[in-house]
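The file coords03.txt contains compact mmCIF, C-alpha atoms:
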```
# COMPACT_ATOMS: atom_id res chain seq x y z
CA MET A 1 -99.07 -119.98 40.85
CA SER A 2 -95.91 -120.92 42.84
CA VAL A 3 -95.62 -124.41 41.32
CA LYS A 4 -94.81 -123.19 37.82
CA PRO A 5 -91.44 -121.36 38.60
CA ALA A 6 -90.26 -124.34 40.62
CA ALA A 7 -90.82 -126.62 37.66
CA VAL A 8 -88.79 -124.35 35.37
CA VAL A 9 -85.84 -124.22 37.76
CA GLY A 10 -85.87 -127.96 38.19
CA GLY A 11 -85.82 -128.47 34.42
CA LEU A 12 -82.76 -126.20 33.98
CA VAL A 13 -80.79 -127.96 36.70
CA GLY A 14 -81.59 -131.34 35.21
CA GLY A 15 -80.48 -130.28 31.75
CA ILE A 16 -77.12 -128.97 33.01
CA LEU A 17 -76.42 -132.23 34.89
CA PHE A 18 -77.27 -134.26 31.78
CA LEU A 19 -74.80 -132.27 29.62
CA LEU A 20 -72.03 -132.74 32.17
CA LEU A 21 -72.56 -136.53 32.19
CA VAL A 22 -72.50 -136.72 28.39
CA GLY A 23 -69.22 -134.70 28.22
CA ALA A 24 -67.49 -136.87 30.83
CA ALA A 25 -68.52 -140.08 29.05
CA ALA A 26 -67.19 -138.80 25.71
CA TYR A 27 -63.85 -137.82 27.27
CA PHE A 28 -63.22 -141.27 28.82
CA LEU A 29 -64.23 -143.09 25.63
CA LYS A 30 -61.77 -140.99 23.59
CA ARG A 31 -58.86 -141.72 25.89
CA ARG A 32 -59.59 -145.46 25.78
CA CYS A 33 -59.85 -145.62 21.99
CA PHE A 34 -56.57 -143.83 21.27
CA ALA A 35 -54.51 -145.32 24.10
CA GLY A 36 -53.43 -148.29 21.94
CA ALA A 37 -52.38 -146.22 19.00
CA TYR A 38 -49.08 -145.26 20.57
CA GLU A 39 -46.62 -148.07 21.41
CA GLU A 40 -43.05 -147.83 22.41
CA LEU A 41 -40.66 -148.95 19.71
CA GLY A 42 -38.86 -152.19 20.24
CA SER A 43 -35.18 -152.65 20.74
CA THR A 44 -34.74 -153.57 17.06
CA HIS A 45 -35.14 -149.87 16.09
CA SER A 46 -32.11 -147.66 16.71
CA PRO A 47 -32.62 -144.78 19.13
CA VAL A 48 -32.62 -141.16 17.97
CA CYS A 49 -29.17 -139.83 18.88
CA ASN A 50 -25.97 -138.56 17.33
CA ASP A 51 -23.38 -141.01 16.12
CA SER A 52 -20.29 -140.62 18.20
CA THR A 53 -18.02 -141.77 15.38
CA ASN A 54 -18.90 -139.41 12.56
CA GLY A 55 -21.00 -136.75 14.28
CA SER A 56 -23.89 -137.08 11.81
CA SER A 57 -27.51 -137.72 12.73
CA GLN A 58 -29.22 -140.86 11.58
CA LEU A 59 -32.35 -138.86 10.99
CA ASP A 60 -30.64 -137.43 7.89
CA ALA A 61 -30.36 -140.89 6.28
CA PRO A 62 -33.11 -141.76 3.80
CA LEU A 63 -35.46 -144.61 4.70
CA SER A 64 -36.15 -147.42 2.26
CA PRO A 65 -39.71 -148.48 1.42
CA ALA A 66 -39.16 -151.84 3.19
CA SER A 67 -38.13 -150.22 6.45
CA ILE A 68 -41.05 -147.80 6.23
CA HIS A 69 -43.47 -150.74 5.75
CA SER A 70 -42.04 -152.79 8.65
CA SER A 71 -42.12 -149.83 11.03
CA ALA A 72 -45.71 -149.19 10.06
CA GLN A 73 -46.63 -152.81 10.97
CA ARG A 74 -44.90 -152.60 14.37
CA THR A 75 -46.37 -149.26 15.41
CA ASN A 76 -49.87 -150.09 14.15
CA SER A 77 -50.01 -146.47 12.79
CA ILE A 78 -50.79 -144.97 9.41
CA PRO A 79 -48.06 -146.08 6.94
CA PHE A 80 -45.97 -143.62 4.88
CA ILE A 81 -47.09 -143.65 1.25
CA VAL A 82 -44.67 -142.79 -1.59
CA PRO A 83 -46.21 -140.23 -3.99
CA PRO A 84 -47.22 -141.70 -7.36
CA LYS A 85 -44.75 -139.62 -9.39
CA PHE A 86 -41.84 -141.27 -7.55
CA HIS A 87 -43.03 -144.83 -8.25
CA GLY A 88 -40.59 -146.91 -10.28
CA ARG A 89 -37.53 -144.87 -9.26
CA GLU A 90 -34.51 -146.57 -7.74
CA TRP A 91 -33.78 -145.74 -4.11
CA ILE A 92 -30.12 -145.09 -3.37
CA HIS A 93 -28.77 -146.38 -0.07
CA LEU A 94 -26.00 -144.22 1.36
CA ASP A 95 -23.61 -144.96 4.17
CA ASN A 96 -23.13 -142.46 6.93
CA GLU A 97 -19.83 -141.23 5.45
CA ASP A 98 -21.53 -140.33 2.17
CA GLN A 99 -24.45 -138.49 3.68
CA GLY A 100 -22.66 -135.12 4.06
CA HIS A 101 -21.47 -135.19 0.46
CA SER A 102 -24.86 -136.20 -0.86
CA ALA A 103 -26.60 -133.45 1.10
CA ALA A 104 -24.21 -130.84 -0.29
CA THR A 105 -24.62 -132.24 -3.78
CA GLY A 106 -28.39 -132.10 -3.46
CA ALA A 107 -28.31 -128.56 -2.14
CA GLU A 108 -25.97 -127.51 -4.93
CA TYR A 109 -28.22 -129.14 -7.51
CA LEU A 110 -31.27 -127.39 -6.04
CA HIS A 111 -29.40 -124.06 -6.03
CA HIS A 112 -28.42 -124.36 -9.68
CA SER A 113 -31.92 -125.49 -10.62
CA MET A 114 -33.43 -122.44 -8.95
CA ILE A 115 -30.95 -120.12 -10.70
CA GLU A 116 -31.72 -121.68 -14.09
CA THR A 117 -35.45 -121.42 -13.44
CA MET A 118 -35.16 -117.77 -12.33
CA ALA A 119 -32.97 -116.94 -15.30
CA GLY A 120 -35.50 -118.49 -17.62
CA GLU A 121 -38.33 -116.57 -16.01
CA CYS A 122 -36.46 -113.23 -15.98
CA THR A 123 -35.62 -113.52 -19.64
CA VAL A 124 -39.28 -113.08 -20.50
CA GLY A 125 -40.20 -109.39 -20.20
CA ALA A 126 -36.64 -108.25 -19.38
CA ILE A 127 -35.54 -104.82 -20.63
CA ASN A 128 -33.58 -104.93 -23.85
CA PRO A 129 -31.19 -101.95 -23.83
CA ASP A 130 -30.90 -102.07 -27.62
CA LEU A 131 -34.53 -101.00 -27.94
CA TYR A 132 -33.88 -97.78 -26.01
CA LYS A 133 -30.72 -96.60 -27.73
CA LEU A 134 -31.11 -93.22 -29.44
CA PRO A 135 -30.02 -93.11 -33.05
CA GLU A 136 -26.58 -91.65 -33.55
CA ASP A 137 -26.66 -87.97 -34.46
CA ASP A 138 -23.77 -86.69 -36.55
CA SER A 139 -24.45 -83.16 -35.33
CA GLU A 140 -23.11 -84.18 -31.90
CA ILE A 141 -19.98 -85.79 -33.33
CA GLU A 142 -18.82 -83.79 -36.33
CA PHE A 143 -17.75 -80.19 -35.69
CA PRO A 144 -16.01 -77.85 -38.15
CA GLU A 145 -12.51 -76.56 -37.49
CA GLY A 146 -12.46 -73.63 -35.09
CA ASN A 147 -15.88 -74.50 -33.64
CA ILE A 148 -16.41 -72.97 -30.19
CA GLY A 149 -19.63 -74.83 -29.40
CA ARG A 150 -23.05 -75.85 -30.66
CA LEU A 151 -26.46 -75.14 -29.11
CA TRP A 152 -29.79 -76.96 -29.54
CA PHE A 153 -33.08 -75.15 -28.88
CA ALA A 154 -36.80 -75.47 -29.64
CA LEU A 155 -39.41 -72.80 -30.45
CA HIS A 156 -43.16 -73.02 -30.01
CA TYR A 157 -45.45 -70.11 -30.83
CA GLU A 158 -49.17 -70.11 -29.93
CA GLN A 159 -51.16 -67.86 -32.22
CA GLU A 160 -54.23 -67.66 -29.97
CA THR A 161 -52.41 -66.64 -26.78
CA GLU A 162 -49.50 -64.90 -28.61
CA ARG A 163 -46.95 -66.67 -26.42
CA LEU A 164 -43.49 -67.74 -27.49
CA LEU A 165 -42.01 -70.74 -25.69
CA VAL A 166 -38.22 -71.09 -25.97
CA THR A 167 -36.69 -74.37 -24.77
CA ILE A 168 -32.93 -74.63 -24.30
CA ILE A 169 -32.17 -78.31 -24.89
CA LYS A 170 -28.40 -78.86 -24.76
CA ALA A 171 -24.96 -77.64 -25.79
CA ARG A 172 -21.96 -79.59 -27.06
CA ASN A 173 -18.23 -79.03 -27.60
CA LEU A 174 -18.12 -75.79 -25.61
CA CYS A 175 -14.74 -74.07 -25.84
CA THR A 176 -13.86 -73.16 -22.26
CA GLN A 177 -10.61 -72.13 -20.65
CA SER A 178 -10.48 -75.08 -18.24
CA ASP A 179 -12.19 -78.33 -17.30
CA THR A 180 -13.93 -76.61 -14.40
CA SER A 181 -16.42 -74.77 -16.62
CA ASN A 182 -19.90 -73.93 -15.32
CA PRO A 183 -21.86 -72.87 -18.41
CA PHE A 184 -25.31 -71.28 -18.54
CA VAL A 185 -27.43 -69.66 -21.26
CA LYS A 186 -28.97 -66.18 -21.37
CA ILE A 187 -32.07 -65.69 -23.50
CA TYR A 188 -32.76 -62.29 -25.09
CA LEU A 189 -35.57 -61.14 -27.36
CA LEU A 190 -34.02 -58.27 -29.32
CA PRO A 191 -34.14 -55.34 -29.71
CA ASP A 192 -34.73 -55.32 -25.96
CA GLU A 193 -31.35 -56.49 -24.67
CA ARG A 194 -31.80 -55.01 -21.21
CA ARG A 195 -34.16 -57.78 -20.13
CA HIS A 196 -33.23 -61.43 -20.30
CA LEU A 197 -33.89 -64.86 -18.80
CA GLN A 198 -31.27 -67.49 -18.08
CA THR A 199 -30.86 -71.19 -17.40
CA LYS A 200 -29.29 -72.82 -14.38
CA GLY A 201 -25.52 -73.33 -14.42
CA LYS A 202 -24.16 -76.81 -15.11
CA HIS A 203 -21.24 -77.71 -12.86
CA LYS A 204 -18.02 -78.80 -14.61
CA ASN A 205 -19.61 -79.80 -17.90
CA ASN A 206 -18.52 -78.87 -21.42
CA ASN A 207 -21.47 -80.79 -22.89
CA PRO A 208 -24.36 -79.66 -20.68
CA GLN A 209 -27.97 -80.86 -20.91
CA PHE A 210 -30.36 -78.03 -19.94
CA ASN A 211 -33.96 -78.95 -20.92
CA GLU A 212 -35.38 -75.68 -19.56
CA SER A 213 -38.24 -73.67 -21.07
CA PHE A 214 -38.91 -69.92 -20.98
CA LEU A 215 -42.01 -67.94 -21.93
CA PHE A 216 -42.25 -64.59 -23.75
CA GLN A 217 -45.38 -62.60 -24.55
CA VAL A 218 -45.04 -61.41 -28.16
CA SER A 219 -47.79 -60.23 -30.48
CA SER A 220 -48.01 -61.92 -33.85
CA LYS A 221 -47.69 -58.54 -35.59
CA THR A 222 -44.30 -57.74 -34.06
CA LEU A 223 -42.88 -61.30 -33.99
CA SER A 224 -41.28 -60.91 -37.41
CA GLU A 225 -39.39 -57.86 -36.14
CA ARG A 226 -37.89 -59.72 -33.17
CA ILE A 227 -34.56 -61.52 -32.99
CA LEU A 228 -33.88 -64.34 -30.55
CA LYS A 229 -30.40 -64.19 -29.06
CA LEU A 230 -28.95 -67.04 -26.97
CA SER A 231 -25.63 -66.31 -25.27
CA ILE A 232 -23.58 -68.92 -23.40
CA TYR A 233 -21.42 -67.81 -20.48
CA ASP A 234 -18.96 -69.61 -18.27
CA ILE A 235 -18.49 -68.90 -14.54
CA ASP A 236 -14.82 -69.22 -13.61
CA ARG A 237 -13.27 -69.78 -10.19
CA GLN A 238 -13.32 -66.05 -9.42
CA LYS A 239 -17.11 -66.04 -10.09
CA LYS A 240 -16.60 -63.98 -13.25
CA HIS A 241 -18.91 -64.45 -16.23
CA ARG A 242 -16.89 -65.10 -19.37
CA HIS A 243 -18.70 -64.97 -22.69
CA ILE A 244 -18.17 -68.14 -24.76
CA GLY A 245 -20.37 -67.36 -27.75
CA HIS A 246 -23.92 -66.72 -28.93
CA ILE A 247 -26.40 -67.43 -31.70
CA THR A 248 -29.07 -65.21 -33.22
CA PHE A 249 -32.35 -66.29 -34.82
CA PRO A 250 -34.31 -63.59 -36.72
CA PHE A 251 -37.98 -64.53 -36.82
CA LYS A 252 -38.48 -62.74 -40.11
CA HIS A 253 -36.59 -65.56 -41.85
CA TYR A 254 -39.00 -68.24 -40.63
CA SER A 255 -42.76 -68.69 -40.73
CA PHE A 256 -44.32 -71.09 -38.26
CA GLY A 257 -46.39 -73.89 -39.78
CA GLU A 258 -49.53 -75.52 -38.46
CA GLU A 259 -47.68 -77.26 -35.65
CA MET A 260 -46.03 -74.00 -34.62
CA LYS A 261 -43.07 -75.99 -33.26
CA ILE A 262 -39.49 -76.24 -34.52
CA VAL A 263 -36.29 -77.79 -33.15
CA LEU A 264 -32.99 -76.27 -34.31
CA TRP A 265 -29.28 -76.22 -33.62
CA ARG A 266 -26.75 -73.50 -34.40
CA ASP A 267 -22.99 -73.11 -34.05
CA LEU A 268 -21.90 -70.43 -31.62
CA GLU A 269 -20.49 -67.15 -32.90
CA THR A 270 -18.07 -64.78 -31.19
CA GLU A 271 -19.05 -61.39 -29.83
CA ASP A 272 -17.43 -59.68 -32.83
CA SER A 273 -20.07 -61.11 -35.16
CA LYS A 274 -23.10 -59.84 -33.19
CA VAL A 275 -25.98 -58.03 -34.83
CA PRO A 276 -25.43 -54.24 -34.71
CA SER A 277 -27.70 -52.32 -32.37
CA GLU A 278 -30.53 -50.20 -33.69
CA TYR A 279 -29.48 -46.91 -32.03
CA GLY A 280 -25.76 -47.43 -31.41
CA ASP A 281 -23.41 -48.48 -28.60
CA LEU A 282 -21.80 -46.62 -25.73
CA GLN A 283 -18.63 -47.54 -23.86
CA PHE A 284 -17.94 -46.31 -20.33
CA SER A 285 -16.20 -47.34 -17.11
CA LEU A 286 -17.52 -47.51 -13.54
CA SER A 287 -15.65 -47.41 -10.26
CA TYR A 288 -16.72 -47.08 -6.63
CA ASN A 289 -14.53 -46.04 -3.71
CA ASP A 290 -16.17 -47.45 -0.59
CA TYR A 291 -13.80 -45.47 1.68
CA LEU A 292 -14.66 -42.08 0.17
CA GLY A 293 -18.19 -43.00 -0.90
CA ARG A 294 -17.45 -41.87 -4.46
CA LEU A 295 -19.01 -43.23 -7.66
CA THR A 296 -16.86 -42.47 -10.72
CA VAL A 297 -18.08 -42.66 -14.33
CA VAL A 298 -15.72 -42.37 -17.30
CA VAL A 299 -17.58 -41.87 -20.61
CA LEU A 300 -15.16 -43.20 -23.23
CA ARG A 301 -16.74 -43.40 -26.71
CA ALA A 302 -19.78 -44.26 -28.79
CA LYS A 303 -20.12 -46.02 -32.13
CA ASP A 304 -22.68 -46.46 -34.91
CA LEU A 305 -24.98 -43.80 -33.49
CA LYS A 306 -28.22 -43.37 -35.40
CA LEU A 307 -28.01 -39.62 -36.03
CA GLN A 308 -30.51 -37.49 -37.87
CA GLU A 309 -27.80 -35.59 -39.72
CA GLU A 310 -24.03 -35.62 -39.89
CA GLY A 311 -21.85 -32.63 -40.57
CA GLU A 312 -20.44 -29.51 -39.02
CA ASN A 313 -23.88 -28.37 -37.90
CA SER A 314 -24.46 -31.59 -35.95
CA ASN A 315 -22.90 -32.69 -32.69
CA ALA A 316 -23.40 -35.42 -30.08
CA TYR A 317 -22.92 -35.41 -26.33
CA VAL A 318 -23.66 -37.69 -23.34
CA LYS A 319 -25.70 -36.76 -20.29
CA VAL A 320 -24.97 -38.72 -17.08
CA SER A 321 -27.66 -38.64 -14.39
CA LEU A 322 -27.58 -40.05 -10.87
CA MET A 323 -30.93 -41.40 -9.66
CA ASN A 324 -32.27 -42.77 -6.41
CA HIS A 325 -35.65 -44.56 -6.40
CA ASN A 326 -36.17 -43.29 -9.97
CA LYS A 327 -35.69 -39.67 -8.86
CA PHE A 328 -33.01 -37.58 -10.56
CA LEU A 329 -30.50 -36.23 -8.08
CA LYS A 330 -27.76 -34.74 -10.23
CA SER A 331 -26.83 -34.56 -13.94
CA LYS A 332 -23.59 -33.82 -15.77
CA LYS A 333 -22.76 -33.51 -19.49
CA THR A 334 -19.77 -34.25 -21.68
CA GLY A 335 -18.52 -31.87 -24.30
CA ALA A 336 -20.13 -32.02 -27.75
CA VAL A 337 -18.30 -33.88 -30.52
CA VAL A 338 -19.02 -32.51 -33.97
CA GLY A 339 -19.83 -34.32 -37.20
CA THR A 340 -19.37 -38.07 -36.46
CA SER A 341 -21.49 -41.08 -35.58
CA SER A 342 -18.65 -42.64 -33.55
CA PRO A 343 -17.51 -39.85 -31.22
CA VAL A 344 -14.79 -40.13 -28.56
CA PHE A 345 -15.48 -38.34 -25.27
CA ASN A 346 -13.03 -39.48 -22.53
CA LYS A 347 -14.82 -37.49 -19.86
CA THR A 348 -14.78 -38.34 -16.13
CA PHE A 349 -17.55 -37.58 -13.65
CA SER A 350 -17.77 -38.20 -9.91
CA PHE A 351 -20.83 -38.48 -7.66
CA LYS A 352 -21.15 -38.68 -3.91
CA VAL A 353 -23.02 -41.91 -3.07
CA ASP A 354 -23.18 -43.55 0.34
CA GLN A 355 -22.48 -47.28 0.38
CA LEU A 356 -25.91 -47.99 1.86
CA GLU A 357 -27.53 -46.26 -1.14
CA LEU A 358 -25.97 -48.56 -3.75
CA ASP A 359 -29.01 -50.89 -3.59
CA THR A 360 -31.40 -48.07 -4.56
CA ALA A 361 -29.19 -45.82 -6.74
CA SER A 362 -28.71 -46.08 -10.51
CA LEU A 363 -27.07 -44.25 -13.39
CA SER A 364 -28.70 -43.14 -16.64
CA LEU A 365 -26.37 -42.37 -19.57
CA SER A 366 -28.20 -40.82 -22.53
CA VAL A 367 -26.75 -39.80 -25.88
CA HIS A 368 -28.21 -36.64 -27.45
CA GLN A 369 -27.77 -35.01 -30.82
CA ASN A 370 -27.92 -31.25 -31.29
CA ILE A 371 -28.47 -29.65 -34.70
CA GLU A 372 -28.30 -25.92 -35.16
CA GLU A 373 -31.66 -24.27 -35.77
CA LYS A 374 -33.45 -27.61 -35.15
CA GLY A 375 -32.76 -28.29 -31.50
CA SER A 376 -31.71 -31.55 -29.81
CA TRP A 377 -33.30 -34.95 -29.31
CA LEU A 378 -32.52 -38.26 -27.71
CA VAL A 379 -30.52 -40.80 -29.73
CA GLY A 380 -30.59 -43.56 -27.08
CA ARG A 381 -29.88 -44.32 -23.44
CA VAL A 382 -28.67 -47.04 -21.12
CA VAL A 383 -29.36 -47.50 -17.40
CA VAL A 384 -26.99 -49.37 -15.07
CA GLY A 385 -27.82 -50.22 -11.49
CA PRO A 386 -28.92 -52.94 -9.05
CA PHE A 387 -31.49 -55.68 -9.60
CA MET A 388 -34.32 -53.28 -8.75
CA TYR A 389 -33.86 -51.43 -12.06
CA THR A 390 -31.77 -53.50 -14.47
CA ARG A 391 -31.03 -56.96 -15.80
CA GLY A 392 -28.46 -58.53 -18.07
CA LYS A 393 -25.24 -56.81 -18.94
CA GLU A 394 -26.19 -53.58 -17.18
CA LEU A 395 -26.73 -55.44 -13.91
CA GLU A 396 -23.47 -57.37 -14.36
CA HIS A 397 -21.54 -54.15 -14.92
CA TRP A 398 -22.96 -52.66 -11.73
CA ASN A 399 -22.20 -55.78 -9.68
CA GLN A 400 -18.65 -55.97 -11.01
CA MET A 401 -18.12 -52.35 -9.95
CA ILE A 402 -19.22 -53.21 -6.39
CA ASN A 403 -17.17 -56.42 -6.26
CA LYS A 404 -14.03 -54.61 -7.46
CA PRO A 405 -13.77 -51.47 -5.33
CA LYS A 406 -11.43 -48.70 -6.54
CA GLU A 407 -11.00 -50.46 -9.90
CA LEU A 408 -12.34 -49.15 -13.22
CA VAL A 409 -14.63 -51.70 -14.92
CA LYS A 410 -15.08 -51.02 -18.65
CA GLU A 411 -17.96 -52.31 -20.81
CA TRP A 412 -19.84 -51.66 -24.05
CA HIS A 413 -23.62 -51.22 -23.77
CA VAL A 414 -26.40 -51.18 -26.34
CA LEU A 415 -28.46 -48.00 -26.52
CA SER A 416 -32.24 -48.10 -26.51
CA GLN A 417 -35.02 -45.55 -26.44
CA GLY A 418 -36.90 -47.18 -23.60
CA SER A 419 -37.16 -45.70 -20.14
```

Would you mind writing the file out in C-alpha cells?
Amino acid sequence: MSVKPAAVVGGLVGGILFLLLVGAAAYFLKRRCFAGAYEELGSTHSPVCNDSTNGSSQLDAPLSPASIHSSAQRTNSIPFIVPPKFHGREWIHLDNEDQGHSAATGAEYLHHSMIETMAGECTVGAINPDLYKLPEDDSEIEFPEGNIGRLWFALHYEQETERLLVTIIKARNLCTQSDTSNPFVKIYLLPDERRHLQTKGKHKNNNPQFNESFLFQVSSKTLSERILKLSIYDIDRQKKHRHIGHITFPFKHYSFGEEMKIVLWRDLETEDSKVPSEYGDLQFSLSYNDYLGRLTVVVLRAKDLKLQEEGENSNAYVKVSLMNHNKFLKSKKTGAVVGTSSPVFNKTFSFKVDQLELDTASLSLSVHQNIEEKGSWLVGRVVVGPFMYTRGKELEHWNQMINKPKELVKEWHVLSQGS
C-alpha cells in the first residue's frame, strides 16, 4: 500500500523537471535566432543628431525609395514598402534649408483641408434660420394715432369641466411715462371686480412677453353674463401702480365653437371709457396716523347708484363700519341726501385703531336707500382692508394708506352686493 503514493510523487517531480528543461531550451534557441537580426549601422549612414549649422533634425527629411531599399539590404531587416496609392508619384527632394518651409506649408495645407472638410460636413443638417422666422404681423407694427398700447390674449373654455382658461400672451407699444416701466396685467371677471389675478411684472420693457395662463371656474349658464377685463399697470420708481389702460371682452358677444379656443388682440382704452358698474360707484379717502393710532375715513360722493325710486321721498346715505376678524366693532353714518342717484356727502369719520391691528382690521362702506313708508335696503357695499379680506383696488387703497401715513389717499370703488 505504501508503494503507490511514492510512485505518484515521483511522477510529479519528474514532470516539473521536464517542463523546466523545455522552457530553458526554448529561451536559448530564441536568443540565438534573433541575435543576427540587429546589426550596427555602418559609417556610411549619418548618425542621428542635430545639425549644428541650421538647427534642424535630419529625421525630418523625407527618405527616397532608393535609400530605403539600400538600408534594408544593409540591416537585413524587413524593408519599408510604399503604399499602393502612392505608386507613380514623384518624390521631392528637399534641402535642409527648405524643410522648415515645407513643413509649415504642409501643415497649412492640412489645416485648410480639414476646415474645408468640416465646413462641407457641417453644411448638411445645419440650421437654416430662414425656416424659423415668424411671418411678419402688421398688428405689431401698425398702430393708430393716439394708441396707448395693444394686448394679445387667448381664451379656452371647457364645457365639461366649466373652466375658463385665460392666457395673457404679450403687449406692444405701451404708453409709459419713462423707459424704466415695469408693466403687469390684472385679470378680472366682472361683475366681481374685488377679486383678480395678475401676471408677473416685466422689468424695463414697453413690449413685454407674458405667456401666462389663469384659470376661472364659470358655469356655462352664467358665462354669457360675464365680462373679462384686462388692466395693464406700470410700477414706477416709487413703487406706485399707475394705470396704463384696459380692455373689456363681454362673453355675450361671442359663442365658442367646437374648438372652444380663440386668440384675440385689443387696443387699450383709458379708465374713462370703462364699463359702468351694476350698482354704482363710491369715492372716499383713507388716512392713518401711526402716532395717534387714528384711522380717518372721508366719504366724498357716489355716482350712478341703482336706486329703487328717485324723488323727494327717497334718500341715500353711507354706513361706515370698522371690523376686526370679521366682527363689527363700531359703525357711523353720513347724513341722508335726498332725491339723487349721484349724492355728495363730504363726511369725515375717525376710528381708534392700534398699528398692530392693521393686519386684521378692515372697513365696510355700504350705501343704503331709504324710502318713506317702504323702509330701507342695501344698494351696494365695498370692503377695504389687508390681504386677509380683500384683493385688487381695495387692497391697493389700503396699502397706499399704510405706506403714506398722515396723508389722505382718495379712490373710486365699485359697489357690489356681495359680502

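Minimum distance to Asp304 in chain A across A:Leu395, A:Leu174, A:Leu282, A:Ile169 (counting all atoms listed in the file) occurs at A:Leu282.
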
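Each of A:Lys252, A:Lys229, A:His413, A:Arg172 was checked against Gln198 in chain A using all atoms listed in the file; the smallest atom-to-atom distance is that of A:Lys229.
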
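Distances from A:Phe249, A:Val299, A:Phe328, A:Leu215 to Arg163 in chain A were compared using all atoms listed in the file, and the smallest one belongs to A:Leu215.
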
Practice task
Name all residues at most 6 Å from range 357-363 of chain A (count all atoms listed in the file; drop same-chain ones fewer than 4 positions away) and give them as a ChimeraX atom specification.
Solution key: /A:321-325,383-386

Practice task
Show which residues sit within 12 Å of Tyr254 in chain A, as a PyMOL selection string. Count all atoms listed in the file, and ignore same-chain residues fewer than 2 positions away.
Solution key: chain A and resi 155+157+223-228+249-252+256-257+260-262+264

Exercise for the section: Go ahead and compute the interatomic distance for CA of Thr161 in chain A and CA of Ser219 in chain A, in Å to one decimal. Expected result: 8.7 Å

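Note that CA of Val379 in chain A and CA of Lys330 in chain A are 20.6 Å apart.
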
Practice task
Determine, counting all atoms listed in the file, which protein, DNA and RNA residues have an atom within 10 Å of an atom of range 337-347 of chain A; residues of the same chain fewer than 4 positions away are not included. Present the result as number ranges by chain.
Solution key: A: 280-284, 297-318, 333, 369-371

Problem - Contacts of range 380-382 of chain A at 8 Å (all atoms listed in the file; same-chain gap of 3+ positions) as a ChimeraX atom specification - result: /A:279-280,364-368,413-418

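Residues in contact with Pro208 in chain A at up to 8 Å, not including ones fewer than 4 positions away on its chain and judged by only C-alpha atoms, are Lys170, Ala171, Arg172, Pro183 and Lys202 of chain A.
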